[in-house]
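The structure file data.pdb is reproduced below (PDB, C-alpha atoms).
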ATOM      1  CA  MET A   1    -112.955 169.006 118.137
ATOM      2  CA  LYS A   2    -112.245 168.696 121.843
ATOM      3  CA  VAL A   3    -109.676 166.176 123.116
ATOM      4  CA  ALA A   4    -108.892 165.158 126.699
ATOM      5  CA  VAL A   5    -105.365 164.034 127.559
ATOM      6  CA  ILE A   6    -105.343 162.780 131.137
ATOM      7  CA  TYR A   7    -102.457 160.837 132.640
ATOM      8  CA  ALA A   8    -100.797 159.494 135.764
ATOM      9  CA  SER A   9     -97.022 159.227 136.029
ATOM     10  CA  THR A  10     -94.686 158.074 138.766
ATOM     11  CA  THR A  11     -91.254 158.451 137.142
ATOM     12  CA  GLY A  12     -92.053 161.035 134.459
ATOM     13  CA  ASN A  13     -92.095 158.596 131.521
ATOM     14  CA  THR A  14     -95.854 158.614 130.977
ATOM     15  CA  GLU A  15     -95.881 162.362 131.625
ATOM     16  CA  ALA A  16     -93.347 162.821 128.801
ATOM     17  CA  MET A  17     -95.638 160.815 126.507
ATOM     18  CA  ALA A  18     -98.653 162.891 127.595
ATOM     19  CA  ASP A  19     -96.806 166.136 126.847
ATOM     20  CA  VAL A  20     -96.035 165.027 123.269
ATOM     21  CA  ILE A  21     -99.586 163.759 122.792
ATOM     22  CA  LYS A  22    -101.002 167.070 124.068
ATOM     23  CA  GLU A  23     -98.765 169.139 121.778
ATOM     24  CA  THR A  24     -99.664 166.994 118.763
ATOM     25  CA  ALA A  25    -103.404 167.109 119.499
ATOM     26  CA  ALA A  26    -103.317 170.870 120.073
ATOM     27  CA  ALA A  27    -102.435 171.413 116.405
ATOM     28  CA  ASN A  28    -105.944 170.282 115.419
ATOM     29  CA  ALA A  29    -108.108 170.394 118.532
ATOM     30  CA  GLU A  30    -108.927 172.121 121.772
ATOM     31  CA  VAL A  31    -107.191 170.110 124.505
ATOM     32  CA  VAL A  32    -108.260 169.436 128.086
ATOM     33  CA  PHE A  33    -105.019 168.364 129.776
ATOM     34  CA  GLY A  34    -104.160 167.244 133.280
ATOM     35  CA  THR A  35    -103.284 164.572 135.767
ATOM     36  CA  ALA A  36    -105.686 161.899 136.911
ATOM     37  CA  ASP A  37    -105.641 163.197 140.479
ATOM     38  CA  SER A  38    -106.830 166.671 139.432
ATOM     39  CA  ALA A  39    -108.862 166.121 136.253
ATOM     40  CA  ASP A  40    -112.490 167.219 136.027
ATOM     41  CA  ALA A  41    -114.487 164.109 135.091
ATOM     42  CA  ASP A  42    -117.342 166.116 133.556
ATOM     43  CA  ALA A  43    -114.954 168.122 131.367
ATOM     44  CA  VAL A  44    -113.269 164.922 130.200
ATOM     45  CA  LEU A  45    -116.563 163.197 129.404
ATOM     46  CA  GLY A  46    -117.585 166.305 127.442
ATOM     47  CA  CYS A  47    -114.730 165.765 124.977
ATOM     48  CA  ASP A  48    -114.998 164.124 121.558
ATOM     49  CA  VAL A  49    -111.881 162.012 122.103
ATOM     50  CA  ILE A  50    -110.479 160.847 125.448
ATOM     51  CA  LEU A  51    -106.798 159.882 125.677
ATOM     52  CA  LEU A  52    -105.754 158.314 128.977
ATOM     53  CA  GLY A  53    -102.266 157.369 130.122
ATOM     54  CA  SER A  54    -100.915 155.291 132.983
ATOM     55  CA  PRO A  55     -97.690 153.495 133.737
ATOM     56  CA  ALA A  56     -97.774 149.788 134.482
ATOM     57  CA  MET A  57     -97.591 149.318 138.231
ATOM     58  CA  GLY A  58     -97.007 146.267 140.413
ATOM     59  CA  ASP A  59     -98.408 143.194 138.716
ATOM     60  CA  GLU A  60     -99.259 145.181 135.554
ATOM     61  CA  VAL A  61    -102.122 147.292 136.861
ATOM     62  CA  LEU A  62    -103.037 150.965 136.493
ATOM     63  CA  GLU A  63    -101.418 153.576 138.710
ATOM     64  CA  ASP A  64    -103.685 154.247 141.732
ATOM     65  CA  THR A  65    -104.826 157.780 140.827
ATOM     66  CA  MET A  66    -105.631 156.698 137.262
ATOM     67  CA  GLU A  67    -107.521 153.661 138.528
ATOM     68  CA  GLU A  68    -109.612 155.933 140.756
ATOM     69  CA  PHE A  69    -110.205 158.495 137.994
ATOM     70  CA  TYR A  70    -111.005 155.852 135.389
ATOM     71  CA  ALA A  71    -113.440 154.038 137.684
ATOM     72  CA  GLY A  72    -115.229 157.380 138.128
ATOM     73  CA  ILE A  73    -115.719 157.963 134.386
ATOM     74  CA  GLU A  74    -116.027 154.359 133.188
ATOM     75  CA  SER A  75    -119.830 154.334 133.160
ATOM     76  CA  GLY A  76    -119.852 157.479 130.976
ATOM     77  CA  LEU A  77    -117.633 156.099 128.198
ATOM     78  CA  SER A  78    -120.349 154.483 126.091
ATOM     79  CA  GLY A  79    -120.107 155.822 122.551
ATOM     80  CA  LYS A  80    -116.867 157.728 123.254
ATOM     81  CA  LYS A  81    -113.652 157.370 121.259
ATOM     82  CA  VAL A  82    -110.905 156.375 123.705
ATOM     83  CA  GLY A  83    -107.149 155.939 123.283
ATOM     84  CA  LEU A  84    -104.943 154.444 125.983
ATOM     85  CA  PHE A  85    -101.205 154.910 126.425
ATOM     86  CA  GLY A  86     -98.486 154.326 128.961
ATOM     87  CA  SER A  87     -94.981 153.320 129.866
ATOM     88  CA  TYR A  88     -93.657 150.151 131.420
ATOM     89  CA  ASP A  89     -90.450 148.602 132.697
ATOM     90  CA  TRP A  90     -91.270 144.903 132.840
ATOM     91  CA  GLY A  91     -94.050 142.679 131.588
ATOM     92  CA  ASP A  92     -95.657 142.517 128.192
ATOM     93  CA  GLY A  93     -98.420 145.121 128.239
ATOM     94  CA  GLN A  94    -101.087 143.184 130.096
ATOM     95  CA  TRP A  95    -102.184 146.347 131.949
ATOM     96  CA  LEU A  96    -103.053 148.017 128.646
ATOM     97  CA  ARG A  97    -104.845 144.953 127.273
ATOM     98  CA  ASP A  98    -106.900 144.730 130.482
ATOM     99  CA  TRP A  99    -107.660 148.461 130.300
ATOM    100  CA  GLU A 100    -108.713 148.184 126.657
ATOM    101  CA  GLU A 101    -111.099 145.378 127.552
ATOM    102  CA  ARG A 102    -112.614 147.440 130.376
ATOM    103  CA  ALA A 103    -113.136 150.412 128.048
ATOM    104  CA  LYS A 104    -114.714 148.214 125.367
ATOM    105  CA  THR A 105    -116.998 146.629 127.967
ATOM    106  CA  ALA A 106    -118.030 150.169 128.982
ATOM    107  CA  GLY A 107    -119.114 150.774 125.373
ATOM    108  CA  ALA A 108    -116.193 152.918 124.216
ATOM    109  CA  THR A 109    -114.678 152.750 120.755
ATOM    110  CA  VAL A 110    -111.091 151.925 121.672
ATOM    111  CA  THR A 111    -108.163 152.612 119.357
ATOM    112  CA  GLU A 112    -104.949 150.592 119.343
ATOM    113  CA  SER A 113    -103.012 151.411 122.514
ATOM    114  CA  LEU A 114     -99.552 152.951 122.689
ATOM    115  CA  MET A 115     -96.820 151.473 124.886
ATOM    116  CA  VAL A 116     -93.312 152.816 125.499
ATOM    117  CA  HIS A 117     -90.572 150.991 127.380
ATOM    118  CA  LEU A 118     -89.155 153.265 130.092
ATOM    119  CA  THR A 119     -88.157 156.803 129.025
ATOM    120  CA  PRO A 120     -89.457 157.887 125.601
ATOM    121  CA  GLU A 121     -86.527 158.171 123.198
ATOM    122  CA  GLU A 122     -86.596 160.020 119.863
ATOM    123  CA  GLU A 123     -88.297 157.148 117.994
ATOM    124  CA  ASP A 124     -90.857 156.823 120.802
ATOM    125  CA  ILE A 125     -91.660 160.527 120.569
ATOM    126  CA  THR A 126     -92.332 160.030 116.863
ATOM    127  CA  LYS A 127     -94.577 157.058 117.737
ATOM    128  CA  CYS A 128     -96.502 159.271 120.193
ATOM    129  CA  GLN A 129     -97.001 161.924 117.511
ATOM    130  CA  GLU A 130     -98.114 159.428 114.858
ATOM    131  CA  TRP A 131    -100.390 157.610 117.303
ATOM    132  CA  THR A 132    -102.092 160.865 118.254
ATOM    133  CA  LYS A 133    -102.636 161.869 114.636
ATOM    134  CA  GLY A 134    -104.081 158.427 113.941
ATOM    135  CA  VAL A 135    -106.454 158.581 116.905
ATOM    136  CA  LEU A 136    -107.763 162.020 116.006
TER     137      LEU A 136
END
Taking this structure as input, can you express it in the form of structure tokens?
Amino acid sequence: MKVAVIYASTTGNTEAMADVIKETAAANAEVVFGTADSADADAVLGCDVILLGSPAMGDEVLEDTMEEFYAGIESGLSGKKVGLFGSYDWGDGQWLRDWEERAKTAGATVTESLMVHLTPEEEDITKCQEWTKGVL
């Protein structure tokens, strides 16, 4: 199985989540890992499972580089298994709910998303590990 873990991070919180997700996935899959501003769209779309992460920005929207990357692959997500994750400081997760809806509209099979408030603590790291195992 081939899994993509692609993320954007501004403060390091979503990056910390992505690192745990990558390590957990690597136990059972080949992992394509990178940031949204440098990821290869074709390599990502060639994966069996696509895990994408972005912090909530501004009025609960995706980080700019993830928005650009996602818009570039969105039309290729039909039939793909997609998991979305990210960190936030304020709000209630609207950015993830909006993102889930976009992915579903694109035809993806979307798993339950994973949200962490600010810096991932020990229990959040466990959540990241369990979420990844559940998605795979």
Exercise. For atom CA of A:Gly86 and atom CA of A:Gly107, determine how far apart the two atoms are, in Å to one decimal place.
Key: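 That distance, rounded to one decimal, is 21.2 Å.
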Practice problem: Measure the distance from atom CA of A:Asp98 to atom CA of A:Gly72 in Å and round it to one decimal. | Solution: 17.0 Å
Exercise. Evaluate the PyMOL selection byres ((chain A and resi 4-15) around 9) on the structure here and hand back the selected residues as a ChimeraX atom specification.
Key: /A:2-3,16-22,25,30-37,39,43-55,62-66,85-88,116-120
Just to be explicit: take each residue in the selection above, keep C-alpha atoms, and write the result as a short mmCIF file (atom, residue, chain, number, x, y, z; two decimals), in the frame of the given file.
data_model
loop_
_atom_site.label_atom_id
_atom_site.label_comp_id
_atom_site.auth_asym_id
_atom_site.auth_seq_id
_atom_site.Cartn_x
_atom_site.Cartn_y
_atom_site.Cartn_z
CA LYS A 2 -112.24 168.70 121.84
CA VAL A 3 -109.68 166.18 123.12
CA ALA A 16 -93.35 162.82 128.80
CA MET A 17 -95.64 160.82 126.51
CA ALA A 18 -98.65 162.89 127.60
CA ASP A 19 -96.81 166.14 126.85
CA VAL A 20 -96.04 165.03 123.27
CA ILE A 21 -99.59 163.76 122.79
CA LYS A 22 -101.00 167.07 124.07
CA ALA A 25 -103.40 167.11 119.50
CA GLU A 30 -108.93 172.12 121.77
CA VAL A 31 -107.19 170.11 124.50
CA VAL A 32 -108.26 169.44 128.09
CA PHE A 33 -105.02 168.36 129.78
CA GLY A 34 -104.16 167.24 133.28
CA THR A 35 -103.28 164.57 135.77
CA ALA A 36 -105.69 161.90 136.91
CA ASP A 37 -105.64 163.20 140.48
CA ALA A 39 -108.86 166.12 136.25
CA ALA A 43 -114.95 168.12 131.37
CA VAL A 44 -113.27 164.92 130.20
CA LEU A 45 -116.56 163.20 129.40
CA GLY A 46 -117.58 166.30 127.44
CA CYS A 47 -114.73 165.76 124.98
CA ASP A 48 -115.00 164.12 121.56
CA VAL A 49 -111.88 162.01 122.10
CA ILE A 50 -110.48 160.85 125.45
CA LEU A 51 -106.80 159.88 125.68
CA LEU A 52 -105.75 158.31 128.98
CA GLY A 53 -102.27 157.37 130.12
CA SER A 54 -100.92 155.29 132.98
CA PRO A 55 -97.69 153.50 133.74
CA LEU A 62 -103.04 150.96 136.49
CA GLU A 63 -101.42 153.58 138.71
CA ASP A 64 -103.68 154.25 141.73
CA THR A 65 -104.83 157.78 140.83
CA MET A 66 -105.63 156.70 137.26
CA PHE A 85 -101.20 154.91 126.42
CA GLY A 86 -98.49 154.33 128.96
CA SER A 87 -94.98 153.32 129.87
CA TYR A 88 -93.66 150.15 131.42
CA VAL A 116 -93.31 152.82 125.50
CA HIS A 117 -90.57 150.99 127.38
CA LEU A 118 -89.16 153.26 130.09
CA THR A 119 -88.16 156.80 129.02
CA PRO A 120 -89.46 157.89 125.60
#
Practice problem: Quick one: apply the PyMOL selection byres ((chain A and resi 93) around 10) to the file and drop the selected residues here as number ranges by chain. | Solution: A: 56, 60-61, 86-92, 94-98, 113-117
Quiz item: Closest to A:Asp40 among A:Gly79, A:Met57, A:Ile73, A:Glu121, using all atoms listed in the file?
Solution: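 Comparing A:Gly79, A:Met57, A:Ile73, A:Glu121 against A:Asp40, the winner is A:Ile73.
Distance-wise, atom CA of A:Asp42 and atom CA of A:Ala108 end up 16.2 Å apart.
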